[in-house]
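Trainee: This one is input-v2.json, JSON, C-alpha atoms.
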[["chain", "number", "residue", "atom", "x", "y", "z"],
["Q", 1, "MET", "CA", 48.89, -31.99, -40.64],
["Q", 2, "PRO", "CA", 47.32, -35.39, -41.44],
["Q", 3, "PRO", "CA", 46.14, -37.86, -38.80],
["Q", 4, "SER", "CA", 48.84, -39.88, -37.07],
["Q", 5, "PRO", "CA", 49.55, -43.34, -38.51],
["Q", 6, "GLY", "CA", 46.81, -45.71, -37.42],
["Q", 7, "GLN", "CA", 44.48, -42.87, -36.48],
["Q", 8, "PRO", "CA", 41.22, -42.94, -38.47],
["Q", 9, "LEU", "CA", 40.59, -40.22, -41.01],
["Q", 10, "THR", "CA", 37.42, -38.22, -40.38],
["Q", 11, "VAL", "CA", 35.61, -36.45, -43.21],
["Q", 12, "ALA", "CA", 32.89, -33.85, -42.63],
["Q", 13, "VAL", "CA", 30.86, -31.83, -45.15],
["Q", 14, "PRO", "CA", 29.35, -28.82, -43.37],
["Q", 15, "ASN", "CA", 26.91, -26.66, -45.35],
["Q", 16, "VAL", "CA", 26.75, -22.99, -44.34],
["Q", 17, "SER", "CA", 24.04, -20.49, -45.26],
["Q", 18, "GLU", "CA", 26.34, -18.04, -47.04],
["Q", 19, "GLY", "CA", 27.23, -18.23, -50.71],
["Q", 20, "ARG", "CA", 27.72, -14.60, -51.74],
["Q", 21, "ASP", "CA", 29.97, -12.59, -49.47],
["Q", 22, "ARG", "CA", 33.56, -13.60, -50.18],
["Q", 23, "ALA", "CA", 34.95, -12.14, -46.94],
["Q", 24, "THR", "CA", 32.42, -14.09, -44.86],
["Q", 25, "ILE", "CA", 33.11, -17.32, -46.73],
["Q", 26, "GLU", "CA", 36.85, -16.88, -46.22],
["Q", 27, "ALA", "CA", 36.31, -16.27, -42.51],
["Q", 28, "LEU", "CA", 34.22, -19.45, -42.24],
["Q", 29, "VAL", "CA", 36.87, -21.46, -44.05],
["Q", 30, "GLY", "CA", 39.50, -19.89, -41.80],
["Q", 31, "ALA", "CA", 37.61, -21.06, -38.70],
["Q", 32, "CYS", "CA", 38.07, -24.65, -39.92],
["Q", 33, "GLU", "CA", 41.76, -24.38, -40.74],
["Q", 34, "GLN", "CA", 43.58, -25.56, -37.67],
["Q", 35, "PRO", "CA", 46.20, -28.18, -36.78],
["Q", 36, "GLY", "CA", 45.14, -31.69, -37.70],
["Q", 37, "VAL", "CA", 42.43, -30.78, -40.24],
["Q", 38, "ARG", "CA", 42.37, -29.47, -43.80],
["Q", 39, "VAL", "CA", 39.64, -27.86, -45.85],
["Q", 40, "ILE", "CA", 39.93, -29.91, -49.03],
["Q", 41, "ASP", "CA", 37.08, -28.35, -51.01],
["Q", 42, "VAL", "CA", 34.81, -25.29, -50.97],
["Q", 43, "HIS", "CA", 31.85, -24.86, -53.31],
["Q", 44, "SER", "CA", 29.83, -21.63, -53.07],
["Q", 45, "ASP", "CA", 26.68, -20.73, -54.98],
["Q", 46, "PRO", "CA", 25.14, -17.23, -54.84],
["Q", 47, "ASP", "CA", 21.64, -18.30, -55.93],
["Q", 48, "HIS", "CA", 21.50, -21.16, -53.43],
["Q", 49, "HIS", "CA", 23.19, -18.71, -51.01],
["Q", 50, "ARG", "CA", 25.09, -21.65, -49.60],
["Q", 51, "SER", "CA", 28.63, -22.96, -49.35],
["Q", 52, "VAL", "CA", 29.60, -26.61, -49.03],
["Q", 53, "LEU", "CA", 32.90, -27.22, -47.25],
["Q", 54, "THR", "CA", 34.70, -30.55, -47.09],
["Q", 55, "LEU", "CA", 37.03, -31.16, -44.13],
["Q", 56, "ALA", "CA", 39.39, -34.09, -43.58],
["Q", 57, "GLY", "CA", 41.68, -34.86, -40.69],
["Q", 58, "ALA", "CA", 42.06, -36.29, -37.22],
["Q", 59, "PRO", "CA", 38.73, -36.93, -35.44],
["Q", 60, "LEU", "CA", 39.18, -34.46, -32.58],
["Q", 61, "ALA", "CA", 40.62, -31.83, -34.92],
["Q", 62, "VAL", "CA", 37.60, -32.12, -37.20],
["Q", 63, "GLN", "CA", 35.35, -31.90, -34.15],
["Q", 64, "ASP", "CA", 37.17, -28.73, -33.02],
["Q", 65, "ALA", "CA", 36.86, -27.26, -36.53],
["Q", 66, "LEU", "CA", 33.11, -27.85, -36.67],
["Q", 67, "VAL", "CA", 32.55, -26.27, -33.25],
["Q", 68, "ASP", "CA", 34.61, -23.22, -34.24],
["Q", 69, "LEU", "CA", 32.74, -23.06, -37.55],
["Q", 70, "ALA", "CA", 29.40, -23.11, -35.72],
["Q", 71, "GLY", "CA", 30.51, -20.17, -33.61],
["Q", 72, "GLU", "CA", 31.74, -18.20, -36.61],
["Q", 73, "CYS", "CA", 28.49, -18.88, -38.46],
["Q", 74, "ALA", "CA", 26.46, -17.73, -35.45],
["Q", 75, "ASP", "CA", 28.49, -14.50, -35.30],
["Q", 76, "ARG", "CA", 28.27, -13.71, -39.02],
["Q", 77, "ILE", "CA", 25.04, -15.14, -40.48],
["Q", 78, "ASP", "CA", 21.47, -14.08, -39.72],
["Q", 79, "VAL", "CA", 19.02, -16.60, -41.17],
["Q", 80, "ARG", "CA", 16.15, -14.14, -40.65],
["Q", 81, "ARG", "CA", 17.61, -12.09, -43.51],
["Q", 82, "HIS", "CA", 18.72, -15.04, -45.61],
["Q", 83, "ARG", "CA", 17.30, -15.15, -49.14],
["Q", 84, "GLY", "CA", 18.38, -18.14, -51.18],
["Q", 85, "VAL", "CA", 16.68, -20.90, -53.16],
["Q", 86, "HIS", "CA", 18.07, -23.73, -51.01],
["Q", 87, "PRO", "CA", 16.02, -24.66, -47.90],
["Q", 88, "ARG", "CA", 17.80, -24.08, -44.60],
["Q", 89, "LEU", "CA", 17.23, -24.06, -40.84],
["Q", 90, "GLY", "CA", 20.44, -22.54, -39.57],
["Q", 91, "ALA", "CA", 23.56, -20.48, -40.17],
["Q", 92, "LEU", "CA", 25.54, -23.72, -39.96],
["Q", 93, "ASP", "CA", 22.74, -25.68, -41.55],
["Q", 94, "VAL", "CA", 24.03, -29.25, -41.66],
["Q", 95, "ALA", "CA", 27.25, -30.81, -40.39],
["Q", 96, "PRO", "CA", 27.39, -34.45, -41.48],
["Q", 97, "ILE", "CA", 30.24, -36.80, -40.64],
["Q", 98, "VAL", "CA", 30.82, -39.04, -43.65],
["Q", 99, "ALA", "CA", 31.14, -42.79, -43.11],
["Q", 100, "LEU", "CA", 33.26, -43.72, -46.13],
["Q", 101, "HIS", "CA", 32.53, -47.43, -45.55],
["Q", 102, "ASP", "CA", 29.83, -49.31, -43.67],
["Q", 103, "GLU", "CA", 32.29, -50.33, -40.97],
["Q", 104, "ASP", "CA", 33.08, -46.64, -40.31],
["Q", 105, "VAL", "CA", 29.56, -45.88, -39.04],
["Q", 106, "PRO", "CA", 30.15, -46.60, -35.30],
["Q", 107, "PHE", "CA", 33.21, -44.36, -35.06],
["Q", 108, "ALA", "CA", 31.65, -41.63, -37.22],
["Q", 109, "SER", "CA", 28.62, -41.75, -34.92],
["Q", 110, "GLU", "CA", 30.83, -41.21, -31.88],
["Q", 111, "VAL", "CA", 32.42, -38.18, -33.54],
["Q", 112, "ALA", "CA", 29.01, -36.77, -34.56],
["Q", 113, "ARG", "CA", 27.52, -37.08, -31.08],
["Q", 114, "GLY", "CA", 30.56, -35.31, -29.69],
["Q", 115, "VAL", "CA", 30.16, -32.51, -32.23],
["Q", 116, "ALA", "CA", 26.47, -32.14, -31.36],
["Q", 117, "ALA", "CA", 27.10, -32.01, -27.61],
["Q", 118, "ARG", "CA", 29.88, -29.45, -27.97],
["Q", 119, "ILE", "CA", 27.97, -27.15, -30.34],
["Q", 120, "GLY", "CA", 25.03, -27.25, -27.97],
["Q", 121, "GLU", "CA", 27.15, -26.51, -24.89],
["Q", 122, "GLU", "CA", 29.93, -24.28, -26.24],
["Q", 123, "VAL", "CA", 28.06, -22.32, -28.93],
["Q", 124, "ASN", "CA", 24.61, -22.49, -27.29],
["Q", 125, "LEU", "CA", 22.81, -23.59, -30.44],
["Q", 126, "PRO", "CA", 20.05, -26.23, -30.59],
["Q", 127, "VAL", "CA", 21.25, -29.35, -32.40],
["Q", 128, "PHE", "CA", 19.22, -32.15, -33.97],
["Q", 129, "LEU", "CA", 20.73, -35.50, -34.92],
["Q", 130, "TYR", "CA", 19.91, -37.18, -38.23],
["Q", 131, "GLY", "CA", 21.03, -40.03, -40.45],
["Q", 132, "GLU", "CA", 22.70, -42.95, -38.68],
["Q", 133, "VAL", "CA", 22.56, -41.08, -35.35],
["Q", 134, "ALA", "CA", 18.92, -39.93, -35.60],
["Q", 135, "THR", "CA", 17.02, -40.24, -32.32],
["Q", 136, "ASP", "CA", 13.56, -39.62, -33.81],
["Q", 137, "PRO", "CA", 12.49, -42.32, -36.30],
["Q", 138, "ALA", "CA", 10.14, -39.79, -37.91],
["Q", 139, "ARG", "CA", 13.00, -37.38, -38.57],
["Q", 140, "THR", "CA", 16.01, -39.11, -40.06],
["Q", 141, "ARG", "CA", 16.84, -36.76, -42.95],
["Q", 142, "PRO", "CA", 17.38, -33.00, -43.12],
["Q", 143, "ARG", "CA", 14.18, -32.55, -45.12],
["Q", 144, "ASP", "CA", 12.21, -34.05, -42.21],
["Q", 145, "PHE", "CA", 13.26, -31.11, -40.05],
["Q", 146, "ARG", "CA", 12.86, -28.53, -42.82],
["Q", 147, "ARG", "CA", 9.38, -29.63, -43.80],
["Q", 148, "GLU", "CA", 7.61, -27.04, -41.63],
["Q", 149, "GLY", "CA", 10.18, -24.31, -42.33],
["Q", 150, "LEU", "CA", 12.00, -22.24, -39.74],
["Q", 151, "GLU", "CA", 8.83, -20.77, -38.26],
["Q", 152, "GLY", "CA", 7.13, -24.16, -38.14],
["Q", 153, "LEU", "CA", 10.10, -25.72, -36.37],
["Q", 154, "ALA", "CA", 10.11, -22.86, -33.84],
["Q", 155, "HIS", "CA", 6.41, -23.51, -33.17],
["Q", 156, "LEU", "CA", 7.03, -27.24, -32.63],
["Q", 157, "LEU", "CA", 9.77, -26.42, -30.16],
["Q", 158, "ASP", "CA", 7.54, -23.97, -28.30],
["Q", 159, "GLU", "CA", 4.85, -26.65, -28.03],
["Q", 160, "GLY", "CA", 7.34, -29.25, -26.84],
["Q", 161, "ALA", "CA", 6.43, -31.48, -29.80],
["Q", 162, "ILE", "CA", 10.12, -31.76, -30.68],
["Q", 163, "VAL", "CA", 13.17, -31.43, -28.44],
["Q", 164, "PRO", "CA", 16.77, -30.79, -29.57],
["Q", 165, "ASP", "CA", 19.31, -33.53, -28.96],
["Q", 166, "ALA", "CA", 21.73, -30.93, -27.58],
["Q", 167, "GLY", "CA", 21.74, -27.27, -26.69],
["Q", 168, "PRO", "CA", 18.91, -24.94, -25.68],
["Q", 169, "PRO", "CA", 15.25, -25.89, -26.24],
["Q", 170, "ARG", "CA", 14.56, -22.95, -28.56],
["Q", 171, "LEU", "CA", 15.96, -21.75, -31.88],
["Q", 172, "HIS", "CA", 18.76, -19.22, -31.75],
["Q", 173, "PRO", "CA", 17.19, -15.90, -32.83],
["Q", 174, "SER", "CA", 19.61, -15.30, -35.70],
["Q", 175, "ALA", "CA", 21.51, -18.58, -36.18],
["Q", 176, "GLY", "CA", 18.55, -20.99, -36.05],
["Q", 177, "ALA", "CA", 19.50, -24.63, -35.45],
["Q", 178, "VAL", "CA", 22.18, -27.09, -36.56],
["Q", 179, "LEU", "CA", 21.60, -30.56, -38.01],
["Q", 180, "VAL", "CA", 24.44, -32.97, -37.20],
["Q", 181, "GLY", "CA", 24.41, -36.40, -38.79],
["Q", 182, "VAL", "CA", 26.24, -39.43, -40.06],
["Q", 183, "ARG", "CA", 25.76, -40.51, -43.65],
["Q", 184, "PRO", "CA", 27.58, -42.36, -46.43],
["Q", 185, "PRO", "CA", 29.19, -40.33, -49.22],
["Q", 186, "LEU", "CA", 26.47, -38.32, -50.92],
["Q", 187, "ILE", "CA", 26.55, -36.85, -54.42],
["Q", 188, "ALA", "CA", 25.17, -33.36, -54.82],
["Q", 189, "ILE", "CA", 24.64, -32.58, -58.48],
["Q", 190, "ASN", "CA", 22.69, -29.98, -60.44],
["Q", 191, "VAL", "CA", 21.45, -30.10, -64.02],
["Q", 192, "TRP", "CA", 20.96, -26.80, -65.83],
["Q", 193, "LEU", "CA", 17.83, -26.26, -67.90],
["Q", 194, "PRO", "CA", 18.65, -23.28, -70.15],
["Q", 195, "ASP", "CA", 15.21, -22.81, -71.71],
["Q", 196, "ALA", "CA", 12.91, -24.30, -69.06],
["Q", 197, "THR", "CA", 10.42, -22.58, -66.80],
["Q", 198, "LEU", "CA", 10.33, -23.11, -63.04],
["Q", 199, "THR", "CA", 7.17, -25.17, -63.51],
["Q", 200, "GLU", "CA", 8.96, -27.47, -65.96],
["Q", 201, "ALA", "CA", 11.99, -27.80, -63.65],
["Q", 202, "ARG", "CA", 9.72, -28.77, -60.78],
["Q", 203, "ALA", "CA", 7.92, -31.31, -62.95],
["Q", 204, "ILE", "CA", 11.20, -32.94, -63.95],
["Q", 205, "ALA", "CA", 12.40, -33.04, -60.33],
["Q", 206, "ALA", "CA", 9.11, -34.57, -59.19],
["Q", 207, "ARG", "CA", 9.44, -37.44, -61.67],
["Q", 208, "VAL", "CA", 13.07, -38.37, -60.92],
["Q", 209, "ARG", "CA", 13.04, -38.23, -57.11],
["Q", 210, "GLU", "CA", 12.27, -41.27, -54.99],
["Q", 211, "ASP", "CA", 9.03, -40.00, -53.47],
["Q", 212, "GLY", "CA", 7.67, -39.30, -56.95],
["Q", 213, "GLY", "CA", 8.29, -42.86, -58.12],
["Q", 214, "GLY", "CA", 11.75, -42.13, -59.49],
["Q", 215, "LEU", "CA", 15.14, -43.47, -58.50],
["Q", 216, "PRO", "CA", 15.81, -44.77, -54.97],
["Q", 217, "GLY", "CA", 17.52, -42.37, -52.61],
["Q", 218, "VAL", "CA", 17.31, -39.43, -55.01],
["Q", 219, "ARG", "CA", 16.13, -36.07, -53.60],
["Q", 220, "ALA", "CA", 15.39, -33.46, -56.23],
["Q", 221, "LEU", "CA", 14.12, -29.89, -56.36],
["Q", 222, "GLY", "CA", 13.22, -27.77, -59.36],
["Q", 223, "LEU", "CA", 14.62, -24.26, -58.81],
["Q", 224, "TRP", "CA", 14.82, -20.90, -60.59],
["Q", 225, "LEU", "CA", 18.19, -19.20, -60.13],
["Q", 226, "PRO", "CA", 17.82, -15.43, -60.68],
["Q", 227, "GLU", "CA", 21.54, -14.65, -60.93],
["Q", 228, "ALA", "CA", 22.12, -17.45, -63.43],
["Q", 229, "GLY", "CA", 18.90, -16.55, -65.23],
["Q", 230, "MET", "CA", 17.77, -20.13, -65.73],
["Q", 231, "ALA", "CA", 16.12, -23.11, -64.09],
["Q", 232, "GLN", "CA", 17.89, -26.03, -62.50],
["Q", 233, "VAL", "CA", 17.17, -29.49, -61.14],
["Q", 234, "SER", "CA", 19.15, -29.72, -57.90],
["Q", 235, "MET", "CA", 19.67, -33.25, -56.57],
["Q", 236, "ASN", "CA", 21.18, -35.27, -53.75],
["Q", 237, "VAL", "CA", 21.99, -38.87, -54.61],
["Q", 238, "GLU", "CA", 22.08, -40.61, -51.24],
["Q", 239, "ASP", "CA", 23.32, -44.02, -52.43],
["Q", 240, "HIS", "CA", 25.05, -44.19, -55.81],
["Q", 241, "ARG", "CA", 25.08, -48.00, -55.60],
["Q", 242, "ARG", "CA", 21.28, -48.09, -55.76],
["Q", 243, "ALA", "CA", 20.99, -45.14, -58.12],
["Q", 244, "PRO", "CA", 24.13, -44.88, -60.28],
["Q", 245, "LEU", "CA", 25.01, -41.34, -61.29],
["Q", 246, "HIS", "CA", 24.73, -42.07, -65.01],
["Q", 247, "ALA", "CA", 21.21, -43.47, -64.47],
["Q", 248, "VAL", "CA", 20.16, -40.38, -62.48],
["Q", 249, "LEU", "CA", 21.39, -37.99, -65.16],
["Q", 250, "ARG", "CA", 19.84, -40.11, -67.91],
["Q", 251, "ALA", "CA", 16.49, -39.95, -66.09],
["Q", 252, "VAL", "CA", 16.66, -36.14, -65.83],
["Q", 253, "ARG", "CA", 17.47, -35.81, -69.52],
["Q", 254, "ALA", "CA", 14.70, -38.24, -70.47],
["Q", 255, "GLU", "CA", 12.12, -36.28, -68.44],
["Q", 256, "ALA", "CA", 13.34, -33.02, -69.96],
["Q", 257, "GLU", "CA", 13.03, -34.48, -73.46],
["Q", 258, "ARG", "CA", 9.53, -35.68, -72.65],
["Q", 259, "LEU", "CA", 8.57, -32.08, -71.87],
["Q", 260, "GLY", "CA", 10.39, -30.73, -74.91],
["Q", 261, "VAL", "CA", 12.97, -29.01, -72.68],
["Q", 262, "GLU", "CA", 16.71, -28.84, -73.29],
["Q", 263, "ALA", "CA", 18.84, -30.33, -70.50],
["Q", 264, "GLY", "CA", 22.22, -28.62, -70.31],
["Q", 265, "ASP", "CA", 25.40, -29.42, -68.42],
["Q", 266, "ALA", "CA", 25.48, -31.14, -65.05],
["Q", 267, "GLU", "CA", 27.46, -29.56, -62.21],
["Q", 268, "LEU", "CA", 28.94, -31.47, -59.28],
["Q", 269, "VAL", "CA", 28.73, -29.72, -55.91],
["Q", 270, "GLY", "CA", 31.69, -30.62, -53.72],
["Q", 271, "LEU", "CA", 33.43, -33.98, -54.01],
["Q", 272, "VAL", "CA", 32.24, -37.32, -55.35],
["Q", 273, "PRO", "CA", 33.12, -40.86, -54.17],
["Q", 274, "ARG", "CA", 35.45, -42.73, -56.51],
["Q", 275, "ASP", "CA", 33.07, -45.65, -57.11],
["Q", 276, "ALA", "CA", 30.43, -43.29, -58.43],
["Q", 277, "MET", "CA", 32.63, -42.32, -61.39],
["Q", 278, "ARG", "CA", 33.01, -45.86, -62.69],
["Q", 279, "GLY", "CA", 31.19, -46.50, -65.95],
["Q", 280, "PRO", "CA", 30.54, -43.75, -68.49],
["Q", 281, "SER", "CA", 33.05, -40.92, -68.54],
["Q", 282, "PRO", "CA", 32.13, -37.56, -66.98],
["Q", 283, "ALA", "CA", 31.98, -36.06, -70.46],
["Q", 284, "ALA", "CA", 29.60, -38.80, -71.63],
["Q", 285, "MET", "CA", 27.36, -38.02, -68.63],
["Q", 286, "GLY", "CA", 27.41, -34.33, -69.47],
["Q", 287, "ILE", "CA", 29.27, -33.29, -66.31],
["Q", 288, "ALA", "CA", 31.01, -30.02, -67.05],
["Q", 289, "GLY", "CA", 34.55, -29.31, -65.89],
["Q", 290, "PHE", "CA", 35.12, -32.56, -64.01],
["Q", 291, "ARG", "CA", 38.68, -33.04, -62.76],
["Q", 292, "PRO", "CA", 40.36, -35.88, -60.79],
["Q", 293, "GLY", "CA", 40.73, -33.53, -57.81],
["Q", 294, "GLN", "CA", 36.96, -33.82, -57.28],
["Q", 295, "VAL", "CA", 37.27, -37.47, -56.21],
["Q", 296, "LEU", "CA", 36.72, -37.60, -52.45],
["Q", 297, "GLU", "CA", 39.10, -40.40, -51.58],
["Q", 298, "LEU", "CA", 41.97, -38.87, -53.58],
["Q", 299, "ARG", "CA", 41.57, -35.45, -51.99],
["Q", 300, "ALA", "CA", 41.11, -36.82, -48.48],
["Q", 301, "ALA", "CA", 44.20, -39.02, -48.69],
["Q", 302, "ALA", "CA", 46.46, -36.45, -50.40]]
For this file, write the structure as structure tokens.

Mentor:
Amino acid sequence: MPPSPGQPLTVAVPNVSEGRDRATIEALVGACEQPGVRVIDVHSDPDHHRSVLTLAGAPLAVQDALVDLAGECADRIDVRRHRGVHPRLGALDVAPIVALHDEDVPFASEVARGVAARIGEEVNLPVFLYGEVATDPARTRPRDFRREGLEGLAHLLDEGAIVPDAGPPRLHPSAGAVLVGVRPPLIAINVWLPDATLTEARAIAARVREDGGGLPGVRALGLWLPEAGMAQVSMNVEDHRRAPLHAVLRAVRAEAERLGVEAGDAELVGLVPRDAMRGPSPAAMGIAGFRPGQVLELRAAA
């Protein structure tokens, strides 16, 4: 059931720390499927051991879905036994509310703060706010919380050096913590490197990401994926207006060529904002298997 006429559409993109067990993934998706909200995309990766869900619907329905998802994650996922290449702090690792336009930020922020308060109170998990609702200017992005790892974050909490925005003052023993934020549409995209080593993948990632002197708002990691049997550059493009997707992919391929490494297909993770696909065609950018159903606005409005 879509939102009522005149009611704003809310989009959320929760990332859960499970990408292998099909029954668990289906149960997590099922926790989100309730009146007023739809799960419009699910992308699971066994090497990252992570699933990215995209929800769209009425604001309170999306809020309910995220709280139920947090509870289902806490019941089913133990981050102490989690082994995946993607960094994480919790069973429900991040739960961003997407502000599709700049003017959507205030309302998205209201929804996010409500989600954080309810997860903290109803699911008894510590919650940290990031992005447009961050309360700590030193920690505005997920990587700022992940920097010390799960054990390091637990130590900071024990010392009182950091305090959750909602929920208990300590990590949940098996479910960790939840990061709730507000952000614009983000593009998650991976580039396969069929004949590269992990060292070469990390070198390419270091050159294209913002903090290495690369493109603005680009976060990149060089990873080795055992199940796939190859290396990968895994990226988040935080603002495709400042760093167009075609420029990001061109930079990765140029760095790979500089090292004498073949850059293979690119893979979109989840949905992509419509504006980001203007310019060169997906095929020209080397994006494999792109289909119109991956455009965020089209799926959300369907």

Trainee: Tell me which protein, DNA and RNA residues are within 9 Å of Leu153 in chain Q, counting all atoms listed in the file, leaving out same-chain ones fewer than 5 positions away, and put them as a ChimeraX atom specification.

Mentor: /Q:89,145-148,158,162,171

Trainee: Which one of Q:Arg81, Q:Arg209, Q:Arg22, Q:Arg274 sits closest to Ala243 in chain Q if you count only C-alpha atoms?

Mentor: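 For Ala243 in chain Q, the nearest of the given residues is Q:Arg209.
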
Trainee: Could you pull the residues within 9 Å of range 106-115 of chain Q, counting all atoms listed in the file, minus those fewer than 4 positions along the same chain, as a list in words?

Mentor: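 Final neighbour list, sorted by chain and number: Pro8, Thr10, Val11, Pro59, Leu60, Val62, Gln63, Asp64, Leu66, Val67, Ala95, Pro96, Ile97, Val98, Ala99, Asp102, Ile119, Gly120, Leu129, Glu132, Val133, Val180, Gly181, Val182 and Arg183 of chain Q.
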
Trainee: So which residues touch Ala228 in chain Q within 12 Å, counting only C-alpha atoms, skipping near sequence neighbours fewer than 3 positions away, as a PyMOL selection string?

Mentor: chain Q and resi 45-48+192-194+223-225+231-232

Trainee: What is the distance, in Å and to one decimal place, between CA of Thr197 in chain Q and CA of Met235 in chain Q?

Mentor: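 About the pair CA of Thr197 in chain Q and CA of Met235 in chain Q: they are 17.4 Å apart.
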
Trainee: For the interface of range 102-196 of chain Q with range 267-270 of chain Q (cut-off 9 Å, counting all atoms listed in the file), please tabulate each contacting residue of range 102-196 of chain Q alongside its nearest pair of atoms and their separation in Å to one decimal, rows sorted by chain and increasing number, as a Markdown table.

Mentor:
| residue | atom | partner | partner_atom | distance |
| --- | --- | --- | --- | --- |
| Q:Ile187 | CA | Q:Val269 | CA | 7.6 |
| Q:Ala188 | CA | Q:Val269 | CA | 5.2 |
| Q:Ile189 | CA | Q:Leu268 | CA | 4.5 |
| Q:Asn190 | CA | Q:Glu267 | CA | 5.1 |
| Q:Val191 | CA | Q:Glu267 | CA | 6.3 |
| Q:Trp192 | CA | Q:Glu267 | CA | 7.9 |

Trainee: Quick one: everything within 7 Å of Pro169 in chain Q, counting all atoms listed in the file, minus sequence neighbours fewer than 4 positions away in the same chain. Send it as a PyMOL selection string.

Mentor: chain Q and resi 126+157+163-164

Trainee: Measuring atom to atom with all atoms listed in the file, identify which of Q:Ala263, Q:Leu156, Q:Ala12, Q:Ala61 is nearest to Gly36 in chain Q.

Mentor: Q:Ala61

Trainee: So, counting all atoms listed in the file, which residue among Q:Leu198, Q:Gly160, Q:Leu259, Q:Pro142 is closest to Gly229 in chain Q?

Mentor: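 The shortest atom-to-atom distance to Gly229 in chain Q comes from Q:Leu198.
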
Trainee: Could you check which of Q:Thr135, Q:Asn15, Q:Thr140, Q:Asn236 is closest to Leu55 in chain Q, using all atoms listed in the file?

Mentor: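 Comparing Q:Thr135, Q:Asn15, Q:Thr140, Q:Asn236 against Leu55 in chain Q, the winner is Q:Asn15.
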
Trainee: Looking at only C-alpha atoms, which of Q:Ala134, Q:Val16, Q:Ile77, Q:Ala116 is the one that sits closest to Asp93 in chain Q?

Mentor: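 When distances to Asp93 in chain Q are compared using only C-alpha atoms, the smallest one comes from Q:Val16.
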
Trainee: Quick one: everything within 12 Å of Pro282 in chain Q, counting only C-alpha atoms, minus sequence neighbours fewer than 6 positions away in the same chain. Send it as a list in words.

Mentor: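 Here the qualifying residues turn out to be Leu245, His246, Leu249, Asp265, Ala266, Glu267, Leu268, Val272, Ala276, Ala288, Gly289, Phe290, Arg291, Pro292, Gln294 and Val295 of chain Q.
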
Trainee: Between CA of Arg76 in chain Q and CA of Thr24 in chain Q, measure the distance and give it in Å to one decimal.

Mentor: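 Going from CA of Arg76 in chain Q over to CA of Thr24 in chain Q, I get 7.2 Å.
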
Trainee: Find, counting only C-alpha atoms, the residue in Q:Arg278, Q:His172, Q:Arg38, Q:His49 that gets nearest to His240 in chain Q.

Mentor: Q:Arg278

Trainee: Is it possible to get the residues within 10 Å of (11.5, -31.7, -63.1) (coordinates as in the file, counting all atoms listed in the file) written as a ChimeraX atom specification?

Mentor: /Q:193,196-209,220-223,231-234,252-253,255-256,259

Trainee: Quick one: range 39-73 of chain Q with C-alpha atoms, as a PDB file, in the first residue's frame?

Mentor:
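Output file out38.pdb is given in full below:
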ATOM      1  CA  VAL Q  39      10.778  -3.690  -0.025  1.00  0.00           C
ATOM      2  CA  ILE Q  40      11.668  -2.500  -3.517  1.00  0.00           C
ATOM      3  CA  ASP Q  41      15.158  -4.002  -3.775  1.00  0.00           C
ATOM      4  CA  VAL Q  42      17.385  -6.565  -2.051  1.00  0.00           C
ATOM      5  CA  HIS Q  43      21.060  -7.047  -2.906  1.00  0.00           C
ATOM      6  CA  SER Q  44      22.992  -9.760  -1.040  1.00  0.00           C
ATOM      7  CA  ASP Q  45      26.689 -10.563  -1.314  1.00  0.00           C
ATOM      8  CA  PRO Q  46      28.239 -13.637   0.352  1.00  0.00           C
ATOM      9  CA  ASP Q  47      31.807 -12.301   0.392  1.00  0.00           C
ATOM     10  CA  HIS Q  48      30.775  -8.960   1.864  1.00  0.00           C
ATOM     11  CA  HIS Q  49      28.393 -11.018   4.061  1.00  0.00           C
ATOM     12  CA  ARG Q  50      25.930  -8.170   3.793  1.00  0.00           C
ATOM     13  CA  SER Q  51      22.522  -7.427   2.326  1.00  0.00           C
ATOM     14  CA  VAL Q  52      21.298  -4.007   1.244  1.00  0.00           C
ATOM     15  CA  LEU Q  53      17.533  -3.542   1.418  1.00  0.00           C
ATOM     16  CA  THR Q  54      15.635  -0.595  -0.033  1.00  0.00           C
ATOM     17  CA  LEU Q  55      12.283   0.300   1.555  1.00  0.00           C
ATOM     18  CA  ALA Q  56       9.745   2.856   0.364  1.00  0.00           C
ATOM     19  CA  GLY Q  57       6.449   3.901   1.847  1.00  0.00           C
ATOM     20  CA  ALA Q  58       4.622   6.016   4.391  1.00  0.00           C
ATOM     21  CA  PRO Q  59       6.914   7.580   7.024  1.00  0.00           C
ATOM     22  CA  LEU Q  60       5.493   5.797  10.079  1.00  0.00           C
ATOM     23  CA  ALA Q  61       5.265   2.504   8.199  1.00  0.00           C
ATOM     24  CA  VAL Q  62       8.931   2.731   7.219  1.00  0.00           C
ATOM     25  CA  GLN Q  63       9.766   3.591  10.819  1.00  0.00           C
ATOM     26  CA  ASP Q  64       7.828   0.517  12.018  1.00  0.00           C
ATOM     27  CA  ALA Q  65       9.606  -1.655   9.431  1.00  0.00           C
ATOM     28  CA  LEU Q  66      13.055  -0.516  10.547  1.00  0.00           C
ATOM     29  CA  VAL Q  67      12.277  -1.146  14.216  1.00  0.00           C
ATOM     30  CA  ASP Q  68      10.974  -4.641  13.416  1.00  0.00           C
ATOM     31  CA  LEU Q  69      14.022  -5.260  11.223  1.00  0.00           C
ATOM     32  CA  ALA Q  70      16.331  -4.244  14.074  1.00  0.00           C
ATOM     33  CA  GLY Q  71      14.630  -6.754  16.345  1.00  0.00           C
ATOM     34  CA  GLU Q  72      14.820  -9.541  13.773  1.00  0.00           C
ATOM     35  CA  CYS Q  73      18.502  -8.798  13.157  1.00  0.00           C
TER      36      CYS Q  73
END
